[in-house]
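Student: My structure is stored as run17.cif, with mmCIF, C-alpha atoms.
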data_query
#
loop_
_atom_site.group_PDB
_atom_site.id
_atom_site.type_symbol
_atom_site.label_atom_id
_atom_site.label_comp_id
_atom_site.auth_asym_id
_atom_site.auth_seq_id
_atom_site.Cartn_x
_atom_site.Cartn_y
_atom_site.Cartn_z
ATOM 1 C CA MET P 1383 -12.366 4.814 -7.915
ATOM 2 C CA PHE P 1384 -11.400 2.028 -5.484
ATOM 3 C CA THR P 1385 -7.884 2.205 -4.128
ATOM 4 C CA PHE P 1386 -6.425 0.095 -1.351
ATOM 5 C CA THR P 1387 -5.359 3.022 0.835
ATOM 6 C CA ASN P 1388 -8.483 5.125 0.264
ATOM 7 C CA SER P 1389 -10.796 2.206 1.048
ATOM 8 C CA THR P 1390 -9.070 1.276 4.324
ATOM 9 C CA GLN P 1391 -7.650 3.072 7.342
ATOM 10 C CA PHE P 1392 -4.116 1.769 6.722
ATOM 11 C CA ARG P 1393 -2.808 5.197 5.715
ATOM 12 C CA HIS P 1394 -3.525 6.390 9.278
ATOM 13 C CA HIS P 1395 -1.751 3.446 10.927
ATOM 14 C CA LYS P 1396 1.705 3.314 9.374
ATOM 15 C CA LEU P 1397 3.402 3.059 12.783
ATOM 16 C CA TRP P 1398 1.072 0.278 13.925
ATOM 17 C CA LEU P 1399 1.668 -1.612 10.679
ATOM 18 C CA ALA P 1400 5.404 -1.306 11.341
ATOM 19 C CA PHE P 1401 4.790 -2.562 14.894
ATOM 20 C CA THR P 1402 2.950 -5.607 13.497
ATOM 21 C CA PHE P 1403 5.808 -6.385 11.120
ATOM 22 C CA CYS P 1404 8.372 -6.006 13.935
ATOM 23 C CA VAL P 1405 6.456 -8.410 16.207
ATOM 24 C CA VAL P 1406 6.551 -11.175 13.599
ATOM 25 C CA ALA P 1407 10.137 -10.365 12.582
ATOM 26 C CA LEU P 1408 11.325 -10.476 16.215
ATOM 27 C CA ALA P 1409 9.792 -13.906 16.784
ATOM 28 C CA VAL P 1410 11.363 -15.264 13.587
ATOM 29 C CA CYS P 1411 14.771 -13.756 14.409
ATOM 30 C CA LEU P 1412 14.793 -15.267 17.912
ATOM 31 C CA ALA P 1413 13.962 -18.687 16.501
ATOM 32 C CA PHE P 1414 16.753 -18.522 13.908
ATOM 33 C CA MET P 1415 19.312 -17.035 16.323
ATOM 34 C CA PHE P 1416 18.860 -19.401 19.254
ATOM 35 C CA GLY P 1417 17.193 -22.450 17.756
ATOM 36 C CA ASN P 1418 18.165 -25.317 15.509
ATOM 37 C CA ALA P 1419 15.929 -26.610 12.764
ATOM 38 C CA LYS P 1420 14.197 -29.890 13.552
ATOM 39 C CA GLU P 1421 14.460 -32.887 11.307
ATOM 40 C CA SER P 1422 11.447 -33.426 9.096
ATOM 41 C CA THR P 1423 10.779 -36.814 10.706
ATOM 42 C CA VAL P 1424 9.963 -35.240 14.093
ATOM 43 C CA ILE P 1425 7.843 -32.397 12.751
ATOM 44 C CA SER P 1426 4.109 -32.820 13.373
ATOM 45 C CA GLY P 1427 1.997 -31.622 10.473
ATOM 46 C CA LEU P 1428 -1.130 -31.368 12.632
ATOM 47 C CA ASP P 1429 0.638 -29.171 15.183
ATOM 48 C CA ILE P 1430 1.937 -26.913 12.431
ATOM 49 C CA VAL P 1431 -1.544 -26.519 10.957
ATOM 50 C CA GLY P 1432 -3.171 -25.927 14.336
ATOM 51 C CA GLU P 1433 -0.656 -23.494 15.798
ATOM 52 C CA GLY P 1434 0.078 -21.881 12.454
ATOM 53 C CA SER P 1435 -3.598 -21.135 11.885
ATOM 54 C CA ILE P 1436 -3.783 -19.434 15.306
ATOM 55 C CA ALA P 1437 -0.825 -17.219 14.434
ATOM 56 C CA PHE P 1438 -2.217 -16.455 10.970
ATOM 57 C CA LEU P 1439 -5.686 -15.581 12.270
ATOM 58 C CA THR P 1440 -4.235 -13.352 15.004
ATOM 59 C CA LEU P 1441 -2.288 -11.476 12.341
ATOM 60 C CA ALA P 1442 -5.455 -11.245 10.233
ATOM 61 C CA TRP P 1443 -7.371 -9.793 13.211
ATOM 62 C CA MET P 1444 -4.711 -7.140 13.697
ATOM 63 C CA LEU P 1445 -4.784 -6.139 10.036
ATOM 64 C CA ALA P 1446 -8.590 -6.140 10.004
ATOM 65 C CA ALA P 1447 -8.685 -3.835 13.036
ATOM 66 C CA LEU P 1448 -6.193 -1.448 11.435
ATOM 67 C CA ALA P 1449 -8.012 -1.553 8.095
ATOM 68 C CA SER P 1450 -11.433 -0.756 9.514
ATOM 69 C CA ARG P 1451 -10.893 1.448 12.566
ATOM 70 C CA PRO P 1452 -9.844 5.107 12.803
ATOM 71 C CA PRO P 1453 -6.916 6.140 15.005
ATOM 72 C CA GLY P 1454 -7.735 6.307 18.688
ATOM 73 C CA LYS P 1455 -7.455 4.724 22.098
ATOM 74 C CA VAL P 1456 -9.474 1.617 21.267
ATOM 75 C CA THR P 1457 -7.495 0.919 18.093
ATOM 76 C CA SER P 1458 -4.197 1.340 19.929
ATOM 77 C CA LEU P 1459 -5.210 -1.030 22.739
ATOM 78 C CA LEU P 1460 -6.510 -3.619 20.273
ATOM 79 C CA THR P 1461 -3.283 -3.514 18.289
ATOM 80 C CA VAL P 1462 -1.023 -3.720 21.351
ATOM 81 C CA GLY P 1463 -3.012 -6.556 22.891
ATOM 82 C CA LEU P 1464 -3.130 -8.535 19.677
ATOM 83 C CA GLY P 1465 0.554 -7.762 19.097
ATOM 84 C CA PHE P 1466 1.611 -9.338 22.393
ATOM 85 C CA PHE P 1467 -0.609 -12.331 21.712
ATOM 86 C CA LEU P 1468 0.762 -12.636 18.162
ATOM 87 C CA PHE P 1469 4.328 -12.690 19.497
ATOM 88 C CA SER P 1470 3.529 -15.610 21.797
ATOM 89 C CA VAL P 1471 1.629 -17.673 19.239
ATOM 90 C CA SER P 1472 4.329 -17.020 16.624
ATOM 91 C CA LEU P 1473 7.002 -18.404 18.962
ATOM 92 C CA ASP P 1474 4.708 -21.303 19.779
ATOM 93 C CA PHE P 1475 4.315 -22.044 16.082
ATOM 94 C CA LEU P 1476 8.077 -21.780 15.487
ATOM 95 C CA ASP P 1477 8.644 -24.331 18.293
ATOM 96 C CA GLU P 1478 7.299 -26.926 15.879
ATOM 97 C CA LEU P 1479 10.103 -26.115 13.446
ATOM 98 C CA PHE P 1480 12.996 -25.402 15.828
ATOM 99 C CA HIS P 1481 14.335 -26.887 19.057
ATOM 100 C CA TYR P 1482 16.294 -24.776 21.544
ATOM 101 C CA PRO P 1483 19.329 -25.631 23.713
ATOM 102 C CA GLU P 1484 19.012 -25.658 27.490
ATOM 103 C CA GLU P 1485 20.775 -22.299 27.843
ATOM 104 C CA ALA P 1486 17.925 -20.706 25.864
ATOM 105 C CA TYR P 1487 15.365 -21.665 28.524
ATOM 106 C CA TRP P 1488 14.320 -18.028 28.752
ATOM 107 C CA LEU P 1489 12.597 -18.382 25.367
ATOM 108 C CA SER P 1490 9.938 -20.501 27.058
ATOM 109 C CA MET P 1491 9.290 -17.647 29.483
ATOM 110 C CA ILE P 1492 8.902 -14.948 26.844
ATOM 111 C CA GLU P 1493 6.747 -17.356 24.840
ATOM 112 C CA SER P 1494 4.145 -17.528 27.615
ATOM 113 C CA TYR P 1495 4.079 -14.149 29.346
ATOM 114 C CA PRO P 1496 3.329 -11.851 26.368
ATOM 115 C CA ALA P 1497 0.105 -13.771 25.658
ATOM 116 C CA ALA P 1498 -1.097 -13.136 29.223
ATOM 117 C CA VAL P 1499 -0.225 -9.447 28.958
ATOM 118 C CA GLY P 1500 -1.954 -9.291 25.596
ATOM 119 C CA MET P 1501 -5.158 -10.761 27.009
ATOM 120 C CA VAL P 1502 -5.196 -8.169 29.810
ATOM 121 C CA VAL P 1503 -4.723 -5.352 27.295
ATOM 122 C CA MET P 1504 -7.380 -6.862 25.020
ATOM 123 C CA THR P 1505 -9.813 -6.957 27.935
ATOM 124 C CA ALA P 1506 -9.262 -3.232 28.476
ATOM 125 C CA ALA P 1507 -9.667 -2.648 24.736
ATOM 126 C CA LEU P 1508 -12.960 -4.542 24.610
ATOM 127 C CA TYR P 1509 -14.302 -2.548 27.546
ATOM 128 C CA GLN P 1510 -13.376 0.716 25.827
ATOM 129 C CA TRP P 1511 -14.939 -0.630 22.633
ATOM 130 C CA HIS P 1512 -18.149 -1.306 24.571
ATOM 131 C CA LEU P 1513 -18.211 2.308 25.771
ATOM 132 C CA GLU P 1514 -17.560 3.508 22.214
ATOM 133 C CA GLN P 1515 -20.384 1.405 20.783
ATOM 134 C CA ARG P 1516 -22.790 2.597 23.454
ATOM 135 C CA ALA P 1517 -22.052 6.210 22.491
ATOM 136 C CA LEU P 1518 -22.470 5.380 18.796
ATOM 137 C CA ASN P 1519 -25.783 3.658 19.460
ATOM 138 C CA LEU P 1520 -27.079 6.806 21.133
ATOM 139 C CA GLN P 1521 -26.182 8.734 17.987
ATOM 140 C CA LEU P 1522 -27.791 6.089 15.751
ATOM 141 C CA ARG P 1523 -31.144 6.624 17.438
ATOM 142 C CA ARG P 1524 -31.387 9.785 15.383
ATOM 143 C CA ARG P 1525 -30.867 7.777 12.202
ATOM 144 C CA GLU P 1526 -33.298 4.919 12.688
ATOM 145 C CA TRP P 1527 -36.535 3.964 14.404
ATOM 146 C CA ASP P 1528 -37.501 0.319 14.859
ATOM 147 C CA PHE P 1529 -34.547 -1.768 13.818
ATOM 148 C CA ARG P 1530 -31.207 -1.703 12.100
ATOM 149 C CA ASP P 1531 -31.376 -3.266 8.637
ATOM 150 C CA HIS P 1532 -27.830 -2.805 7.341
ATOM 151 C CA ASP P 1533 -28.740 -3.846 3.801
ATOM 152 C CA ALA P 1534 -30.902 -0.725 3.567
ATOM 153 C CA ILE P 1535 -28.126 1.662 4.631
ATOM 154 C CA ASP P 1536 -26.513 3.946 2.080
ATOM 155 C CA PRO P 1537 -22.733 3.297 2.257
ATOM 156 C CA ILE P 1538 -21.765 6.904 1.502
ATOM 157 C CA THR P 1539 -23.903 8.865 3.966
ATOM 158 C CA GLN P 1540 -24.548 6.001 6.433
ATOM 159 C CA LEU P 1541 -28.220 6.995 6.368
ATOM 160 C CA TYR P 1542 -31.061 4.710 5.394
ATOM 161 C CA ARG P 1543 -32.145 4.687 1.777
ATOM 162 C CA ALA P 1544 -35.448 6.081 0.494
ATOM 163 C CA ASP P 1545 -37.267 2.735 0.641
ATOM 164 C CA TYR P 1546 -36.822 2.543 4.394
ATOM 165 C CA TRP P 1547 -38.045 6.140 4.761
ATOM 166 C CA LYS P 1548 -41.161 5.369 2.708
ATOM 167 C CA THR P 1549 -41.820 2.231 4.751
ATOM 168 C CA GLN P 1550 -41.782 4.221 7.999
ATOM 169 C CA ILE P 1551 -44.140 6.811 6.510
ATOM 170 C CA ASN P 1552 -46.561 4.075 5.452
ATOM 171 C CA LYS P 1553 -46.502 2.640 8.974
ATOM 172 C CA LEU P 1554 -47.205 6.088 10.382
ATOM 173 C CA GLN P 1555 -50.125 6.592 8.008
ATOM 174 C CA GLN P 1556 -51.567 3.171 8.838
ATOM 175 C CA SER P 1557 -51.595 4.132 12.499
ATOM 176 C CA GLY P 1558 -53.691 7.197 11.596
ATOM 177 C CA LYS P 1559 -50.997 9.759 12.353
ATOM 178 C CA SER P 1560 -49.858 12.710 10.294
ATOM 179 C CA ALA P 1561 -46.325 14.018 9.978
ATOM 180 C CA VAL P 1562 -44.277 16.605 8.149
ATOM 181 C CA ILE P 1563 -42.111 15.203 5.385
ATOM 182 C CA ALA P 1564 -39.386 17.225 3.711
ATOM 183 C CA ILE P 1565 -36.790 16.880 0.976
ATOM 184 C CA ILE P 1566 -33.529 18.826 0.975
ATOM 185 C CA ASP P 1567 -31.668 19.254 -2.300
ATOM 186 C CA ILE P 1568 -28.050 20.420 -2.510
ATOM 187 C CA ASN P 1569 -27.703 23.187 -5.084
ATOM 188 C CA ASN P 1570 -25.478 22.569 -8.120
ATOM 189 C CA PHE P 1571 -23.957 19.425 -6.670
ATOM 190 C CA SER P 1572 -23.421 17.916 -10.118
ATOM 191 C CA LEU P 1573 -21.042 20.781 -10.885
ATOM 192 C CA PHE P 1574 -19.113 19.992 -7.702
ATOM 193 C CA ASN P 1575 -18.679 16.384 -8.837
ATOM 194 C CA GLN P 1576 -17.534 17.475 -12.275
ATOM 195 C CA LYS P 1577 -14.957 19.866 -10.837
ATOM 196 C CA HIS P 1578 -13.627 17.911 -7.851
ATOM 197 C CA GLY P 1579 -14.474 14.291 -8.648
ATOM 198 C CA TYR P 1580 -16.964 11.795 -7.289
ATOM 199 C CA THR P 1581 -14.729 10.656 -4.438
ATOM 200 C CA GLU P 1582 -14.660 14.167 -2.989
ATOM 201 C CA GLY P 1583 -18.359 14.498 -3.738
ATOM 202 C CA ASP P 1584 -19.115 11.383 -1.705
ATOM 203 C CA ARG P 1585 -17.049 12.736 1.165
ATOM 204 C CA TYR P 1586 -18.933 16.035 0.990
ATOM 205 C CA LEU P 1587 -22.295 14.231 1.066
ATOM 206 C CA HIS P 1588 -21.179 12.283 4.133
ATOM 207 C CA ASP P 1589 -20.317 15.535 5.948
ATOM 208 C CA ILE P 1590 -23.647 17.087 4.963
ATOM 209 C CA ALA P 1591 -25.484 14.003 6.234
ATOM 210 C CA GLN P 1592 -23.868 14.462 9.651
ATOM 211 C CA LEU P 1593 -25.102 18.064 9.752
ATOM 212 C CA VAL P 1594 -28.625 16.975 8.872
ATOM 213 C CA ILE P 1595 -28.599 14.445 11.716
ATOM 214 C CA MET P 1596 -27.228 16.948 14.227
ATOM 215 C CA ASN P 1597 -30.099 19.354 13.574
ATOM 216 C CA LEU P 1598 -32.909 16.820 13.980
ATOM 217 C CA ARG P 1599 -34.784 15.644 17.036
ATOM 218 C CA GLN P 1600 -34.351 12.104 18.293
ATOM 219 C CA GLN P 1601 -37.765 11.049 16.930
ATOM 220 C CA ASP P 1602 -37.063 12.399 13.441
ATOM 221 C CA LEU P 1603 -35.765 10.233 10.620
ATOM 222 C CA ALA P 1604 -33.320 11.314 7.896
ATOM 223 C CA CYS P 1605 -32.546 9.219 4.816
ATOM 224 C CA ARG P 1606 -30.703 9.652 1.571
ATOM 225 C CA TYR P 1607 -33.476 10.025 -0.984
ATOM 226 C CA ALA P 1608 -31.432 9.993 -4.193
ATOM 227 C CA GLY P 1609 -28.202 11.537 -5.393
ATOM 228 C CA ASP P 1610 -27.743 14.775 -3.484
ATOM 229 C CA ARG P 1611 -31.212 14.781 -1.930
ATOM 230 C CA PHE P 1612 -32.065 13.986 1.682
ATOM 231 C CA ALA P 1613 -35.533 12.985 2.887
ATOM 232 C CA ILE P 1614 -36.734 13.803 6.389
ATOM 233 C CA LEU P 1615 -39.691 12.520 8.380
ATOM 234 C CA MET P 1616 -40.780 14.656 11.337
ATOM 235 C CA PRO P 1617 -43.700 13.290 13.374
ATOM 236 C CA ASP P 1618 -45.500 15.293 16.049
ATOM 237 C CA VAL P 1619 -44.399 18.663 14.741
ATOM 238 C CA SER P 1620 -46.234 21.681 13.375
ATOM 239 C CA PRO P 1621 -45.399 23.110 9.933
ATOM 240 C CA VAL P 1622 -43.927 26.194 11.625
ATOM 241 C CA GLN P 1623 -41.656 24.094 13.836
ATOM 242 C CA ALA P 1624 -40.641 21.949 10.860
ATOM 243 C CA ASP P 1625 -39.795 25.081 8.897
ATOM 244 C CA VAL P 1626 -37.487 26.215 11.712
ATOM 245 C CA ILE P 1627 -35.712 22.848 11.712
ATOM 246 C CA LEU P 1628 -35.262 22.922 7.939
ATOM 247 C CA SER P 1629 -34.000 26.500 8.049
ATOM 248 C CA ASP P 1630 -31.413 25.514 10.666
ATOM 249 C CA ILE P 1631 -30.280 22.607 8.497
ATOM 250 C CA LYS P 1632 -29.869 24.804 5.420
ATOM 251 C CA VAL P 1633 -27.946 27.418 7.403
ATOM 252 C CA SER P 1634 -25.649 24.681 8.736
ATOM 253 C CA ILE P 1635 -25.027 23.391 5.208
ATOM 254 C CA GLN P 1636 -24.362 26.927 3.983
ATOM 255 C CA HIS P 1637 -21.688 27.409 6.661
ATOM 256 C CA LEU P 1638 -20.040 24.008 6.195
ATOM 257 C CA ALA P 1639 -16.426 24.695 5.165
ATOM 258 C CA PHE P 1640 -15.475 21.687 3.059
ATOM 259 C CA ARG P 1641 -11.825 21.368 2.101
ATOM 260 C CA HIS P 1642 -10.678 19.434 -0.911
ATOM 261 C CA SER P 1643 -7.884 16.987 -0.135
ATOM 262 C CA LEU P 1644 -5.547 18.837 -2.516
ATOM 263 C CA ASN P 1645 -6.624 22.390 -1.704
ATOM 264 C CA ALA P 1646 -6.686 24.307 1.571
ATOM 265 C CA ASN P 1647 -9.338 26.757 0.366
ATOM 266 C CA ALA P 1648 -12.793 26.076 1.795
ATOM 267 C CA ILE P 1649 -15.702 25.183 -0.501
ATOM 268 C CA TYR P 1650 -19.225 26.257 0.418
ATOM 269 C CA THR P 1651 -22.607 25.278 -0.957
ATOM 270 C CA THR P 1652 -26.293 25.969 -0.353
ATOM 271 C CA ALA P 1653 -29.445 23.871 -0.296
ATOM 272 C CA ARG P 1654 -33.138 24.264 -1.007
ATOM 273 C CA SER P 1655 -36.020 22.356 0.523
ATOM 274 C CA THR P 1656 -39.702 21.640 0.331
ATOM 275 C CA GLN P 1657 -42.028 20.311 3.011
ATOM 276 C CA VAL P 1658 -45.576 18.962 3.294
ATOM 277 C CA THR P 1659 -47.798 17.870 6.161
ATOM 278 C CA LEU P 1660 -48.760 14.363 5.067
ATOM 279 C CA LEU P 1661 -52.190 13.214 6.254
ATOM 280 C CA PRO P 1662 -53.145 9.548 6.784
ATOM 281 C CA ASN P 1663 -55.459 9.477 3.743
ATOM 282 C CA GLN P 1664 -52.983 10.983 1.266
ATOM 283 C CA ARG P 1665 -51.037 8.930 -1.277
ATOM 284 C CA LEU P 1666 -47.329 9.275 -0.614
ATOM 285 C CA ALA P 1667 -46.357 8.829 -4.289
ATOM 286 C CA THR P 1668 -48.594 11.707 -5.379
ATOM 287 C CA VAL P 1669 -47.293 14.006 -2.650
ATOM 288 C CA LEU P 1670 -43.672 13.161 -3.474
ATOM 289 C CA ASN P 1671 -44.169 13.934 -7.161
ATOM 290 C CA THR P 1672 -45.556 17.346 -6.243
ATOM 291 C CA MET P 1673 -42.628 18.020 -3.898
ATOM 292 C CA LEU P 1674 -40.038 17.014 -6.488
ATOM 293 C CA LEU P 1675 -41.652 19.258 -9.110
ATOM 294 C CA GLU P 1676 -41.522 22.119 -6.631
ATOM 295 C CA LEU P 1677 -37.816 21.527 -6.071
ATOM 296 C CA GLU P 1678 -37.200 21.519 -9.826
ATOM 297 C CA ARG P 1679 -39.104 24.781 -10.243
ATOM 298 C CA ALA P 1680 -37.098 26.337 -7.409
ATOM 299 C CA HIS P 1681 -33.891 25.199 -9.098
ATOM 300 C CA GLY P 1682 -35.006 26.622 -12.430
ATOM 301 C CA SER P 1683 -35.939 30.006 -10.973
ATOM 302 C CA ALA P 1684 -32.641 30.188 -9.071
ATOM 303 C CA ALA P 1685 -30.699 29.442 -12.228
#
How does the structure come out when it is put into structure tokens?

Tutor:
Amino acid sequence: MFTFTNSTQFRHHKLWLAFTFCVVALAVCLAFMFGNAKESTVISGLDIVGEGSIAFLTLAWMLAALASRPPGKVTSLLTVGLGFFLFSVSLDFLDELFHYPEEAYWLSMIESYPAAVGMVVMTAALYQWHLEQRALNLQLRRREWDFRDHDAIDPITQLYRADYWKTQINKLQQSGKSAVIAIIDINNFSLFNQKHGYTEGDRYLHDIAQLVIMNLRQQDLACRYAGDRFAILMPDVSPVQADVILSDIKVSIQHLAFRHSLNANAIYTTARSTQVTLLPNQRLATVLNTMLLELERAHGSAA
């Protein structure tokens, strides 16, 4: 079920949200305390729209950063930098509505300097963001091969969907190469969803997907096949080597201590798998049907 707090990172940024509110409140309080409202005849509508839109968009950027980013150094720098800039543009906007006496000349100073400080902090934040993205891109090389088609990414596991996996297999077959393909199925996952809910189930699948990625080589490709099944493509590997990789993945899943948000007791699960060395002249659909039947038989015998 969609909820505002569960679908954003706001619940992790309560202090930064308070900081954002205080920045705007401070600018408004200064304007009311030391300024006098201008007459409507001298107020420029164009200036209000222009400067007001800058202030509004800066606030929107801050909220977007807090909604989408986890806590950390980059998020903190982004929020501080945007906060200083927001303070300046808010005062600049309020200048169109208030005029200040000569003894409040210092307001002009604090209207300009925070923006400069904010830009310096934002520059540091963007550099740290660049380093963060470079590290993430190195990790993504284990998830994808040729390109990044975000429409084909599963939103829960952040892996590609089955269609992308099949497309890469077809390309490999067309080039005359063979590869080991495998499907991993989480045991009794439907019971987990029934007991703990689909939101927790999605979170569990995301954690399992990370384990799958961590146990693969850089040239391997993991996708979410369907439901609680993961599909893996392993080129340039022998069946024995592929079996070792799959065994390591299943052991990692077996030892994953998942904790329900309302319960401190760890939940454990197991997985089963099947693998085939796919040759260039074999039909993928036929091979997949055989593999899926094998998984169903394994599930039936285990039950």

Student: Tell me, as a count of residues only, which residues lie within 6 Å of segment 1536-1544 of chain P, counting all atoms listed in the file; anything in the same chain fewer than 6 positions away does not count.

Tutor: 5

Student: Of the candidates P:His1481, P:Lys1548, P:Lys1455, P:Lys1396, which shows the shortest atom-to-atom distance to Ala1419 of chain P, using all atoms listed in the file?

Tutor: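 Counting all atoms listed in the file, the residue closest to Ala1419 of chain P is P:His1481.
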
Student: What does the PyMOL selection byres ((chain P and resi 1459) around 8) select in this file, as a PDB file with C-alpha atoms, in the frame of the given file?

Tutor:
ATOM      1  CA  LYS P1455      -7.455   4.724  22.098  1.00  0.00           C
ATOM      2  CA  VAL P1456      -9.474   1.617  21.267  1.00  0.00           C
ATOM      3  CA  THR P1457      -7.495   0.919  18.093  1.00  0.00           C
ATOM      4  CA  SER P1458      -4.197   1.340  19.929  1.00  0.00           C
ATOM      5  CA  LEU P1460      -6.510  -3.619  20.273  1.00  0.00           C
ATOM      6  CA  THR P1461      -3.283  -3.514  18.289  1.00  0.00           C
ATOM      7  CA  VAL P1462      -1.023  -3.720  21.351  1.00  0.00           C
ATOM      8  CA  GLY P1463      -3.012  -6.556  22.891  1.00  0.00           C
ATOM      9  CA  VAL P1503      -4.723  -5.352  27.295  1.00  0.00           C
ATOM     10  CA  MET P1504      -7.380  -6.862  25.020  1.00  0.00           C
ATOM     11  CA  ALA P1506      -9.262  -3.232  28.476  1.00  0.00           C
ATOM     12  CA  ALA P1507      -9.667  -2.648  24.736  1.00  0.00           C
TER      13      ALA P1507
END

Student: I need the residue set behind the PyMOL selection byres ((chain P and resi 1428-1430) around 10) for this file; please write it as a VMD selection string.

Tutor: chain P and resid 1425 to 1427 1431 to 1436 1474 to 1479

Student: Provide the atom CA of Leu1677 of chain P to atom CA of Ile1563 of chain P distance in Å, to one decimal place.

Tutor: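 Result for atom CA of Leu1677 of chain P versus atom CA of Ile1563 of chain P: 13.8 Å, one decimal.
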
Student: Let me make sure I understand: among P:Phe1401, P:Tyr1580, P:Phe1466, P:Phe1416, which one has the smallest atom-to-atom distance to Val1499 of chain P if we use all atoms listed in the file?

Tutor: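 Nearest to Val1499 of chain P: P:Phe1466.
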
Student: Could you name the residues that touch Gly1417 of chain P at 8 Å or less, counting all atoms listed in the file, but leaving out those on the same chain fewer than 4 positions away, as a list of chain:residue names?

Tutor: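 The residues satisfying every condition are P:Leu1412, P:Ala1413, P:Phe1480, P:His1481, P:Tyr1482, P:Pro1483.
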
Student: Around all of segment 1405-1421 of chain P's listed atoms, make the axis-aligned box with 3 Å on each side and tell me centre and edge lengths in Å to one decimal, as AutoDock Vina command-line options.

Tutor:
--center_x 12.9 --center_y -20.6 --center_z 15.3 --size_x 18.9 --size_y 30.5 --size_z 13.9

Student: Taking the file as shown, what set of residues would the PyMOL selection byres ((chain P and resi 1593) around 10) give back, as a tab-separated table (two decimals) with C-alpha atoms, keeping the file's coordinate frame?

Tutor:
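New file result36.tsv:
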chain	number	residue	atom	x	y	z
P	1587	LEU	CA	-22.30	14.23	1.07
P	1588	HIS	CA	-21.18	12.28	4.13
P	1589	ASP	CA	-20.32	15.54	5.95
P	1590	ILE	CA	-23.65	17.09	4.96
P	1591	ALA	CA	-25.48	14.00	6.23
P	1592	GLN	CA	-23.87	14.46	9.65
P	1594	VAL	CA	-28.62	16.98	8.87
P	1595	ILE	CA	-28.60	14.44	11.72
P	1596	MET	CA	-27.23	16.95	14.23
P	1597	ASN	CA	-30.10	19.35	13.57
P	1598	LEU	CA	-32.91	16.82	13.98
P	1630	ASP	CA	-31.41	25.51	10.67
P	1631	ILE	CA	-30.28	22.61	8.50
P	1632	LYS	CA	-29.87	24.80	5.42
P	1634	SER	CA	-25.65	24.68	8.74
P	1635	ILE	CA	-25.03	23.39	5.21
P	1638	LEU	CA	-20.04	24.01	6.20

Student: Please compute the atom CA of Phe1403 of chain P-atom CA of Trp1443 of chain P distance, one decimal, in Å.

Tutor: 13.8 Å

Student: Provide the atom CA of Ile1614 of chain P to atom CA of Ala1667 of chain P distance in Å, to one decimal place.

Tutor: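 It comes out at 15.2 Å.
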
Student: If we draw a sphere of 6 Å around (-6.5, 1.1, 10.3), which residues have at least one atom in it when counting only C-alpha atoms? Please report them as a PyMOL selection string.

Tutor: chain P and resi 1391-1392+1395+1448-1452

Student: List as JSON, numbers by chain the protein and nucleic acid residues near Val1619 of chain P, meaning an atom at most 9 Å away when only C-alpha atoms are counted, but skip any in the same chain fewer than 5 places from it.

Tutor: {"P": [1561, 1562, 1624]}

Student: With distances taken over all atoms listed in the file, which residue among P:Gly1465, P:Met1444, P:Pro1617, P:Tyr1650 lies nearest Gly1558 of chain P?

Tutor: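 Closest to Gly1558 of chain P of all the choices is P:Pro1617.
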
Student: Do you know which residues lie at most 12 Å from (-48.7, 16.0, 8.2), with coordinates as in the file and all atoms listed in the file counted, and could you write them as a ChimeraX atom specification?

Tutor: /P:1551,1554-1555,1558-1564,1615-1622,1624,1657-1664,1666,1669

Student: Measuring atom to atom with all atoms listed in the file, identify which of P:Met1415, P:Val1405, P:Ala1604, P:Ala1639 is nearest to Pro1496 of chain P.

Tutor: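 Nearest to Pro1496 of chain P: P:Val1405.
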
Student: Can you list, as JSON, numbers by chain, every protein, DNA or RNA residue that comes within 9 Å of Gly1583 of chain P when you count all atoms listed in the file, leaving out same-chain residues fewer than 6 positions away?

Tutor: {"P": [1571, 1572, 1574, 1575]}

Student: List as a PyMOL selection string the protein and nucleic acid residues near Phe1469 of chain P, meaning an atom at most 10 Å away when only C-alpha atoms are counted, but skip any in the same chain fewer than 6 places from it.

Tutor: chain P and resi 1402+1404-1410+1437+1440-1441+1475+1492-1497+1500

Student: I need segment 1618-1629 of chain P written out with C-alpha atoms, as a PDB file, in the first residue's frame; please produce it.

Tutor:
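Contents of decode-v9.pdb, as written:
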ATOM      1  CA  ASP P1618      32.176 -18.182 -20.398  1.00  0.00           C
ATOM      2  CA  VAL P1619      31.680 -20.538 -17.486  1.00  0.00           C
ATOM      3  CA  SER P1620      31.628 -24.308 -17.134  1.00  0.00           C
ATOM      4  CA  PRO P1621      28.636 -26.107 -15.584  1.00  0.00           C
ATOM      5  CA  VAL P1622      30.795 -26.994 -12.569  1.00  0.00           C
ATOM      6  CA  GLN P1623      31.810 -23.371 -12.027  1.00  0.00           C
ATOM      7  CA  ALA P1624      28.207 -22.230 -12.480  1.00  0.00           C
ATOM      8  CA  ASP P1625      27.082 -24.781  -9.910  1.00  0.00           C
ATOM      9  CA  VAL P1626      29.571 -23.346  -7.404  1.00  0.00           C
ATOM     10  CA  ILE P1627      28.256 -19.825  -8.004  1.00  0.00           C
ATOM     11  CA  LEU P1628      24.649 -20.942  -7.572  1.00  0.00           C
ATOM     12  CA  SER P1629      25.508 -22.869  -4.417  1.00  0.00           C
TER      13      SER P1629
END
